[in-house]
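Q: Following this line is final36.pdb, made up of PDB, C-alpha atoms, pLDDT in the B column:
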```
MODEL        1
ATOM      1  CA  GLY L  22     109.736 100.823  71.906  1.00 61.00           C
ATOM      2  CA  HIS L  23     110.704 104.415  71.263  1.00 70.00           C
ATOM      3  CA  ILE L  24     112.821 106.278  73.827  1.00 79.00           C
ATOM      4  CA  TRP L  25     112.140 109.998  74.419  1.00 79.00           C
ATOM      5  CA  LYS L  26     114.672 112.228  76.160  1.00 83.00           C
ATOM      6  CA  SER L  27     114.116 115.870  77.089  1.00 84.00           C
ATOM      7  CA  SER L  28     116.634 118.650  77.145  1.00 85.00           C
ATOM      8  CA  PRO L  29     118.017 119.526  80.575  1.00 85.00           C
ATOM      9  CA  ASN L  30     115.690 121.828  82.509  1.00 83.00           C
ATOM     10  CA  HIS L  31     116.761 124.804  84.629  1.00 84.00           C
ATOM     11  CA  ARG L  32     118.064 122.425  87.320  1.00 82.00           C
ATOM     12  CA  GLY L  33     119.829 120.170  84.814  1.00 85.00           C
ATOM     13  CA  VAL L  34     117.232 117.402  85.157  1.00 82.00           C
ATOM     14  CA  ILE L  35     116.654 115.279  82.055  1.00 85.00           C
ATOM     15  CA  ASN L  36     113.381 113.360  81.681  1.00 80.00           C
ATOM     16  CA  VAL L  37     113.495 110.033  79.888  1.00 81.00           C
ATOM     17  CA  GLU L  38     110.493 107.990  78.792  1.00 78.00           C
ATOM     18  CA  ALA L  39     110.517 104.523  77.301  1.00 75.00           C
ATOM     19  CA  PHE L  40     107.496 103.648  75.204  1.00 69.00           C
ATOM     20  CA  VAL L  41     106.648  99.967  75.319  1.00 68.00           C
ATOM     21  CA  ASP L  42     105.562  97.635  72.545  1.00 65.00           C
ATOM     22  CA  PHE L  43     102.407  95.530  72.343  1.00 64.00           C
ATOM     23  CA  SER L  44     103.746  92.881  74.735  1.00 65.00           C
ATOM     24  CA  PHE L  45     102.567  95.370  77.380  1.00 64.00           C
ATOM     25  CA  ASN L  46      99.061  95.610  75.925  1.00 64.00           C
ATOM     26  CA  PHE L  47      97.625  94.153  79.141  1.00 62.00           C
ATOM     27  CA  LEU L  48      98.057  97.659  80.557  1.00 63.00           C
ATOM     28  CA  MET L  49      95.733  99.148  77.961  1.00 62.00           C
ATOM     29  CA  PRO L  50      92.348 100.271  79.355  1.00 59.00           C
ATOM     30  CA  GLU L  51      90.319  97.845  77.248  1.00 59.00           C
ATOM     31  CA  LYS L  52      92.411  94.950  78.568  1.00 52.00           C
ATOM     32  CA  ILE L  53      92.180  95.863  82.272  1.00 49.00           C
ATOM     33  CA  ILE L  54      88.799  94.158  82.618  1.00 53.00           C
ATOM     34  CA  LYS L  55      90.435  90.797  81.828  1.00 62.00           C
ATOM     35  CA  TYR L  56      92.622  91.192  84.884  1.00 70.00           C
ATOM     36  CA  ASP L  57      89.833  91.553  87.418  1.00 80.00           C
ATOM     37  CA  TRP L  58      91.061  88.360  89.101  1.00 82.00           C
ATOM     38  CA  ILE L  59      93.801  90.541  90.638  1.00 87.00           C
ATOM     39  CA  PHE L  60      91.128  92.186  92.781  1.00 88.00           C
ATOM     40  CA  PHE L  61      89.506  88.971  94.035  1.00 87.00           C
ATOM     41  CA  GLY L  62      92.286  87.568  96.204  1.00 86.00           C
ATOM     42  CA  ARG L  63      94.113  89.513  98.903  1.00 88.00           C
ATOM     43  CA  LYS L  64      97.523  88.017  98.040  1.00 88.00           C
ATOM     44  CA  TYR L  65      97.088  88.694  94.308  1.00 90.00           C
ATOM     45  CA  PHE L  66      95.943  92.219  94.996  1.00 94.00           C
ATOM     46  CA  LEU L  67      98.798  93.017  97.388  1.00 93.00           C
ATOM     47  CA  SER L  68     101.344  91.629  94.928  1.00 92.00           C
ATOM     48  CA  PHE L  69      99.810  93.728  92.164  1.00 93.00           C
ATOM     49  CA  LEU L  70      99.599  96.821  94.399  1.00 95.00           C
ATOM     50  CA  ALA L  71     103.268  96.503  95.382  1.00 94.00           C
ATOM     51  CA  GLY L  72     104.271  96.313  91.720  1.00 92.00           C
ATOM     52  CA  PHE L  73     101.984  99.219  90.911  1.00 94.00           C
ATOM     53  CA  THR L  74     103.500 101.168  93.824  1.00 95.00           C
ATOM     54  CA  ASP L  75     107.016 100.397  92.604  1.00 92.00           C
ATOM     55  CA  ALA L  76     106.047 101.767  89.171  1.00 90.00           C
ATOM     56  CA  GLU L  77     103.358 104.404  89.793  1.00 92.00           C
ATOM     57  CA  GLY L  78     103.456 105.122  93.514  1.00 95.00           C
ATOM     58  CA  SER L  79     105.295 107.299  95.943  1.00 96.00           C
ATOM     59  CA  ILE L  80     105.980 106.792  99.654  1.00 97.00           C
ATOM     60  CA  PHE L  81     107.132 109.949 101.397  1.00 97.00           C
ATOM     61  CA  ILE L  82     106.993 112.197 104.446  1.00 97.00           C
ATOM     62  CA  SER L  83     104.771 115.211 103.754  1.00 95.00           C
ATOM     63  CA  SER L  84     105.492 118.819 104.668  1.00 94.00           C
ATOM     64  CA  LYS L  85     103.199 118.208 107.679  1.00 94.00           C
ATOM     65  CA  ASN L  86     105.612 115.467 108.825  1.00 94.00           C
ATOM     66  CA  GLN L  87     103.124 112.711 108.002  1.00 95.00           C
ATOM     67  CA  ALA L  88     103.996 109.465 106.277  1.00 97.00           C
ATOM     68  CA  THR L  89     102.038 109.252 103.033  1.00 97.00           C
ATOM     69  CA  ILE L  90     101.589 106.836 100.158  1.00 98.00           C
ATOM     70  CA  SER L  91     100.274 108.104  96.858  1.00 97.00           C
ATOM     71  CA  TRP L  92      99.402 106.494  93.554  1.00 97.00           C
ATOM     72  CA  GLY L  93      98.939 108.308  90.269  1.00 94.00           C
ATOM     73  CA  ASN L  94      98.034 107.259  86.763  1.00 90.00           C
ATOM     74  CA  TYR L  95      96.175 108.346  83.663  1.00 89.00           C
ATOM     75  CA  ASN L  96      93.771 105.401  84.053  1.00 90.00           C
ATOM     76  CA  TYR L  97      90.982 106.573  86.384  1.00 93.00           C
ATOM     77  CA  GLN L  98      89.116 103.232  86.250  1.00 90.00           C
ATOM     78  CA  LEU L  99      92.163 101.301  87.436  1.00 92.00           C
ATOM     79  CA  LEU L 100      92.761 103.729  90.296  1.00 95.00           C
ATOM     80  CA  GLU L 101      89.099 103.454  91.283  1.00 95.00           C
ATOM     81  CA  LYS L 102      89.375  99.641  91.417  1.00 94.00           C
ATOM     82  CA  ILE L 103      92.492  99.904  93.582  1.00 95.00           C
ATOM     83  CA  ARG L 104      90.871 102.440  95.900  1.00 97.00           C
ATOM     84  CA  LYS L 105      87.712 100.334  96.209  1.00 95.00           C
ATOM     85  CA  LYS L 106      89.726  97.212  97.097  1.00 95.00           C
ATOM     86  CA  LEU L 107      91.754  99.128  99.697  1.00 96.00           C
ATOM     87  CA  ASN L 108      88.559 100.440 101.266  1.00 95.00           C
ATOM     88  CA  GLU L 109      87.152  96.875 101.349  1.00 94.00           C
ATOM     89  CA  MET L 110      90.286  95.958 103.317  1.00 94.00           C
ATOM     90  CA  ASN L 111      89.517  98.809 105.777  1.00 94.00           C
ATOM     91  CA  ILE L 112      92.371 100.907 104.407  1.00 96.00           C
ATOM     92  CA  LYS L 113      91.073 104.470 104.415  1.00 96.00           C
ATOM     93  CA  THR L 114      92.138 106.563 101.437  1.00 97.00           C
ATOM     94  CA  GLY L 115      91.379 109.976 100.075  1.00 96.00           C
ATOM     95  CA  ASN L 116      89.274 110.604  97.004  1.00 97.00           C
ATOM     96  CA  ILE L 117      90.749 110.361  93.546  1.00 97.00           C
ATOM     97  CA  ILE L 118      91.810 113.803  92.360  1.00 96.00           C
ATOM     98  CA  CYS L 119      92.057 114.837  88.722  1.00 94.00           C
ATOM     99  CA  ASP L 120      94.940 117.139  87.809  1.00 88.00           C
ATOM    100  CA  TYR L 121      93.325 118.187  84.480  1.00 81.00           C
ATOM    101  CA  LEU L 122      96.520 117.971  82.451  1.00 77.00           C
ATOM    102  CA  LYS L 123      95.061 116.979  79.086  1.00 84.00           C
ATOM    103  CA  GLY L 124      96.608 119.253  76.490  1.00 81.00           C
ATOM    104  CA  TYR L 125      99.085 120.776  78.951  1.00 82.00           C
ATOM    105  CA  ARG L 126     102.630 121.121  77.633  1.00 82.00           C
ATOM    106  CA  GLY L 127     105.222 121.064  80.386  1.00 77.00           C
ATOM    107  CA  ARG L 128     108.566 122.824  80.430  1.00 75.00           C
ATOM    108  CA  ASP L 129     110.046 119.575  79.177  1.00 71.00           C
ATOM    109  CA  GLY L 130     108.044 119.994  75.935  1.00 76.00           C
ATOM    110  CA  TYR L 131     105.903 116.914  76.543  1.00 74.00           C
ATOM    111  CA  LYS L 132     102.206 117.463  75.791  1.00 80.00           C
ATOM    112  CA  ARG L 133      99.820 115.472  78.000  1.00 78.00           C
ATOM    113  CA  LYS L 134      97.329 113.374  76.037  1.00 83.00           C
ATOM    114  CA  ALA L 135      95.001 112.763  78.974  1.00 87.00           C
ATOM    115  CA  ASP L 136      94.162 113.931  82.474  1.00 90.00           C
ATOM    116  CA  TYR L 137      96.262 112.562  85.301  1.00 91.00           C
ATOM    117  CA  HIS L 138      94.617 111.202  88.479  1.00 94.00           C
ATOM    118  CA  HIS L 139      95.973 110.406  91.924  1.00 95.00           C
ATOM    119  CA  PHE L 140      94.924 109.482  95.455  1.00 97.00           C
ATOM    120  CA  THR L 141      96.663 109.031  98.787  1.00 97.00           C
ATOM    121  CA  CYS L 142      96.554 107.163 102.052  1.00 97.00           C
ATOM    122  CA  VAL L 143      97.631 109.263 105.051  1.00 96.00           C
ATOM    123  CA  GLN L 144      95.400 107.986 107.852  1.00 94.00           C
ATOM    124  CA  LYS L 145      97.934 106.620 110.342  1.00 93.00           C
ATOM    125  CA  GLU L 146      96.299 103.302 111.222  1.00 93.00           C
ATOM    126  CA  SER L 147      95.453 102.452 107.613  1.00 95.00           C
ATOM    127  CA  LEU L 148      98.871 103.475 106.358  1.00 95.00           C
ATOM    128  CA  HIS L 149     100.620 101.499 109.092  1.00 94.00           C
ATOM    129  CA  GLN L 150      98.646  98.371 108.212  1.00 94.00           C
ATOM    130  CA  LEU L 151      99.218  98.817 104.478  1.00 95.00           C
ATOM    131  CA  LEU L 152     102.943  99.502 104.733  1.00 95.00           C
ATOM    132  CA  TYR L 153     103.604  96.472 106.930  1.00 92.00           C
ATOM    133  CA  THR L 154     101.621  94.290 104.546  1.00 91.00           C
ATOM    134  CA  MET L 155     103.256  95.641 101.389  1.00 91.00           C
ATOM    135  CA  LYS L 156     106.735  95.370 102.896  1.00 91.00           C
ATOM    136  CA  LEU L 157     106.836  91.726 101.834  1.00 89.00           C
ATOM    137  CA  PHE L 158     105.997  92.496  98.207  1.00 90.00           C
ATOM    138  CA  LEU L 159     107.914  95.653  97.215  1.00 92.00           C
ATOM    139  CA  LYS L 160     110.946  95.071  94.993  1.00 91.00           C
ATOM    140  CA  HIS L 161     112.480  98.492  94.271  1.00 90.00           C
ATOM    141  CA  ALA L 162     115.214  99.526  96.703  1.00 92.00           C
ATOM    142  CA  ASP L 163     114.121 103.170  96.752  1.00 93.00           C
ATOM    143  CA  LYS L 164     110.538 102.219  97.640  1.00 94.00           C
ATOM    144  CA  LYS L 165     111.728  99.840 100.378  1.00 95.00           C
ATOM    145  CA  LYS L 166     113.858 102.623 101.851  1.00 96.00           C
ATOM    146  CA  SER L 167     110.932 105.078 101.681  1.00 96.00           C
ATOM    147  CA  LEU L 168     108.652 102.477 103.275  1.00 96.00           C
ATOM    148  CA  THR L 169     111.071 102.062 106.195  1.00 96.00           C
ATOM    149  CA  ARG L 170     111.216 105.859 106.647  1.00 97.00           C
ATOM    150  CA  ALA L 171     107.406 106.029 106.605  1.00 97.00           C
ATOM    151  CA  ILE L 172     107.050 103.245 109.192  1.00 95.00           C
ATOM    152  CA  ASN L 173     109.615 104.988 111.416  1.00 96.00           C
ATOM    153  CA  ASN L 174     107.691 108.255 111.015  1.00 96.00           C
ATOM    154  CA  ILE L 175     104.519 106.551 112.222  1.00 95.00           C
ATOM    155  CA  LYS L 176     106.347 104.940 115.174  1.00 92.00           C
ATOM    156  CA  ASN L 177     107.854 108.298 116.162  1.00 93.00           C
ATOM    157  CA  ARG L 178     104.502 110.057 115.917  1.00 92.00           C
ATOM    158  CA  ASN L 179     102.936 107.289 118.007  1.00 91.00           C
ATOM    159  CA  LYS L 180     105.581 107.881 120.699  1.00 90.00           C
ATOM    160  CA  LEU L 181     105.001 111.632 120.639  1.00 89.00           C
ATOM    161  CA  TYR L 182     101.219 111.717 120.351  1.00 85.00           C
ATOM    162  CA  GLY L 183     100.124 108.216 121.334  1.00 80.00           C
ATOM    163  CA  PHE L 184      97.973 105.926 119.282  1.00 75.00           C
ATOM    164  CA  ASN L 185      94.579 104.345 119.620  1.00 68.00           C
ATOM    165  CA  TYR L 186      94.750 101.386 117.270  1.00 63.00           C
ATOM    166  CA  ARG L 187      96.076  97.847 117.315  1.00 61.00           C
ATOM    167  CA  LEU L 188      99.478  97.080 115.824  1.00 55.00           C
TER     168      LEU L 188
ENDMDL
END
```
Spell out the structure here as structure tokens.

A:
Amino acid sequence: GHIWKSSPNHRGVINVEAFVDFSFNFLMPEKIIKYDWIFFGRKYFLSFLAGFTDAEGSIFISSKNQATISWGNYNYQLLEKIRKKLNEMNIKTGNIICDYLKGYRGRDGYKRKADYHHFTCVQKESLHQLLYTMKLFLKHADKKKSLTRAINNIKNRNKLYGFNYRL
């Protein structure tokens, strides 16, 4: 597909986007329904979630020194399915938040065609369980490194403040 490259911003950062062809049409909203089988089995879902996290997620330590995992996407329905499945697995997450970016043109010159949505998991027990489970499925080196930092953050906070859940 088409490649878009921005001019360097004030920090010298260049944004690059690669637009994909129709072999990726399974990601289109009208096709998502055909992939509901991903949400029926735990192993399928965790494999999918790890891939989605590699592509659309972020694992980081917040300004409050809390390990956090966040997912964002323009497809609200997909995020809602993910959030619902996590909650069924007793993984507590926050609500999905809309950033209302439709029509917004960033400094990079890119105009948003839709609103962007995201949600997070910060609750220590849930995050600990999720990170250990996803550890087996993540593929990107940067996400694996962030996952290790997040797990260490939780361990350190448990040492400092104690914990009241099963490992």

Q: Check which residues of range 132-163 of chain L sit at most 8 Å from range 85-88 of chain L using only C-alpha atoms, and return one row each with the closest pair of atoms and their distance in Å to one decimal, ordered by chain and rising number, as a Markdown table.

A:
```
| residue | atom | partner | partner_atom | distance |
| --- | --- | --- | --- | --- |
| L:Val143 | CA | L:Ala88 | CA | 6.5 |
| L:Lys145 | CA | L:Ala88 | CA | 7.8 |
| L:Leu148 | CA | L:Ala88 | CA | 7.9 |
```

Q: If you take only C-alpha atoms and a cut-off of 8 Å, which residues of range 78-120 of chain L touch range 55-62 of chain L, and what are their nearest atom pairs and distances in Å to one decimal, in chain and number order, as a tab-separated table?

A:
```
residue	atom	partner	partner_atom	distance
L:Lys102	CA	L:Phe60	CA	7.8
L:Ile103	CA	L:Phe60	CA	7.9
L:Lys106	CA	L:Phe60	CA	6.8
```

Q: Taking the file as shown, find all residues satisfying the PyMOL selection byres ((chain L and resi 161) around 10) and write them as number ranges by chain.

A: L: 71-72, 74-76, 158-160, 162-166

Q: Let me see the file: selected residues, C-alpha atoms, as a PDB file, in the coordinates of the input.

A:
```pdb
ATOM      1  CA  ALA L  71     103.268  96.503  95.382  1.00 94.00           C
ATOM      2  CA  GLY L  72     104.271  96.313  91.720  1.00 92.00           C
ATOM      3  CA  THR L  74     103.500 101.168  93.824  1.00 95.00           C
ATOM      4  CA  ASP L  75     107.016 100.397  92.604  1.00 92.00           C
ATOM      5  CA  ALA L  76     106.047 101.767  89.171  1.00 90.00           C
ATOM      6  CA  PHE L 158     105.997  92.496  98.207  1.00 90.00           C
ATOM      7  CA  LEU L 159     107.914  95.653  97.215  1.00 92.00           C
ATOM      8  CA  LYS L 160     110.946  95.071  94.993  1.00 91.00           C
ATOM      9  CA  ALA L 162     115.214  99.526  96.703  1.00 92.00           C
ATOM     10  CA  ASP L 163     114.121 103.170  96.752  1.00 93.00           C
ATOM     11  CA  LYS L 164     110.538 102.219  97.640  1.00 94.00           C
ATOM     12  CA  LYS L 165     111.728  99.840 100.378  1.00 95.00           C
ATOM     13  CA  LYS L 166     113.858 102.623 101.851  1.00 96.00           C
TER      14      LYS L 166
END
```

Q: Provide the CA of Glu38 in chain L to CA of Thr114 in chain L distance in Å, to one decimal place.

A: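 Pair CA of Glu38 in chain L / CA of Thr114 in chain L returns 29.2 Å.
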
Q: Which value, in Å to one decimal, gives the distance between CA of Lys113 in chain L and CA of Glu101 in chain L?

A: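 Spanning CA of Lys113 in chain L to CA of Glu101 in chain L is a straight-line distance of 13.3 Å.
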
Q: Convert the output of the PyMOL selection byres ((chain L and resi 94) around 9) on the shown file into explicit residues, formatted as a list of chain:residue names.

A: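 Listing what the PyMOL selection byres ((chain L and resi 94) around 9) selects in the shown file: L:Glu77, L:Gly78, L:Trp92, L:Gly93, L:Tyr95, L:Asn96, L:Tyr97, L:Leu99, L:Leu100, L:Asp136, L:Tyr137, L:His138, L:His139.
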
Q: Between CA of Val34 in chain L and CA of Tyr131 in chain L, what is the distance in Å, rounded to a tenth?

A: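 That distance, rounded to one decimal, is 14.2 Å.
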
Q: For each of L:Ser167, L:Asn36, L:Ile175, L:Leu151, take the minimum atom-to-atom distance to Leu67 in chain L, counting only C-alpha atoms, then give the residue where this is smallest.

A: L:Leu151

Q: Taking all atoms listed in the file into account, which of L:Thr154, L:His149, L:Ile24, L:Asp120 comes nearest Asn179 in chain L?

A: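 Nearest candidate to Asn179 in chain L out of L:Thr154, L:His149, L:Ile24, L:Asp120: L:His149.
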
Q: Given 5 Å of margin on each side, can you work out the centre and size in Å (one decimal) of an axis-aligned box holding every listed atom of range 87-105 of chain L, as lines of an AutoDock Vina configuration file?

A:
```
center_x = 95.9
center_y = 106.2
center_z = 95.8
size_x = 26.3
size_y = 23.1
size_z = 34.3
```

Q: Need the shell around Ser147 in chain L: protein/DNA/RNA residues with any atom at most 10 Å away, counting all atoms listed in the file. Skip same-chain ones fewer than 5 positions apart. Format as a ChimeraX atom specification?

A: /L:107-108,110-114,142,152,186

Q: Give the answer as one residue: which of L:Leu181, L:Val37, L:Ile118, L:Leu70 has the shortest atom-to-atom distance to Thr141 in chain L, using all atoms listed in the file?

A: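 Residue with the minimum atom-to-atom distance to Thr141 in chain L: L:Ile118.
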
Q: Env of Gly130 in chain L: 10 Å cut, atoms = all atoms listed in the file, seq-sep filter 3 positions within chain, self excluded. Answer as a ChimeraX atom specification.

A: /L:27-28,125-127,133

Q: Would you save the residues of that selection, restricted to C-alpha atoms, as a PDB file, in the frame of the given file?

A:
```pdb
ATOM      1  CA  SER L  27     114.116 115.870  77.089  1.00 84.00           C
ATOM      2  CA  SER L  28     116.634 118.650  77.145  1.00 85.00           C
ATOM      3  CA  TYR L 125      99.085 120.776  78.951  1.00 82.00           C
ATOM      4  CA  ARG L 126     102.630 121.121  77.633  1.00 82.00           C
ATOM      5  CA  GLY L 127     105.222 121.064  80.386  1.00 77.00           C
ATOM      6  CA  ARG L 133      99.820 115.472  78.000  1.00 78.00           C
TER       7      ARG L 133
END
```
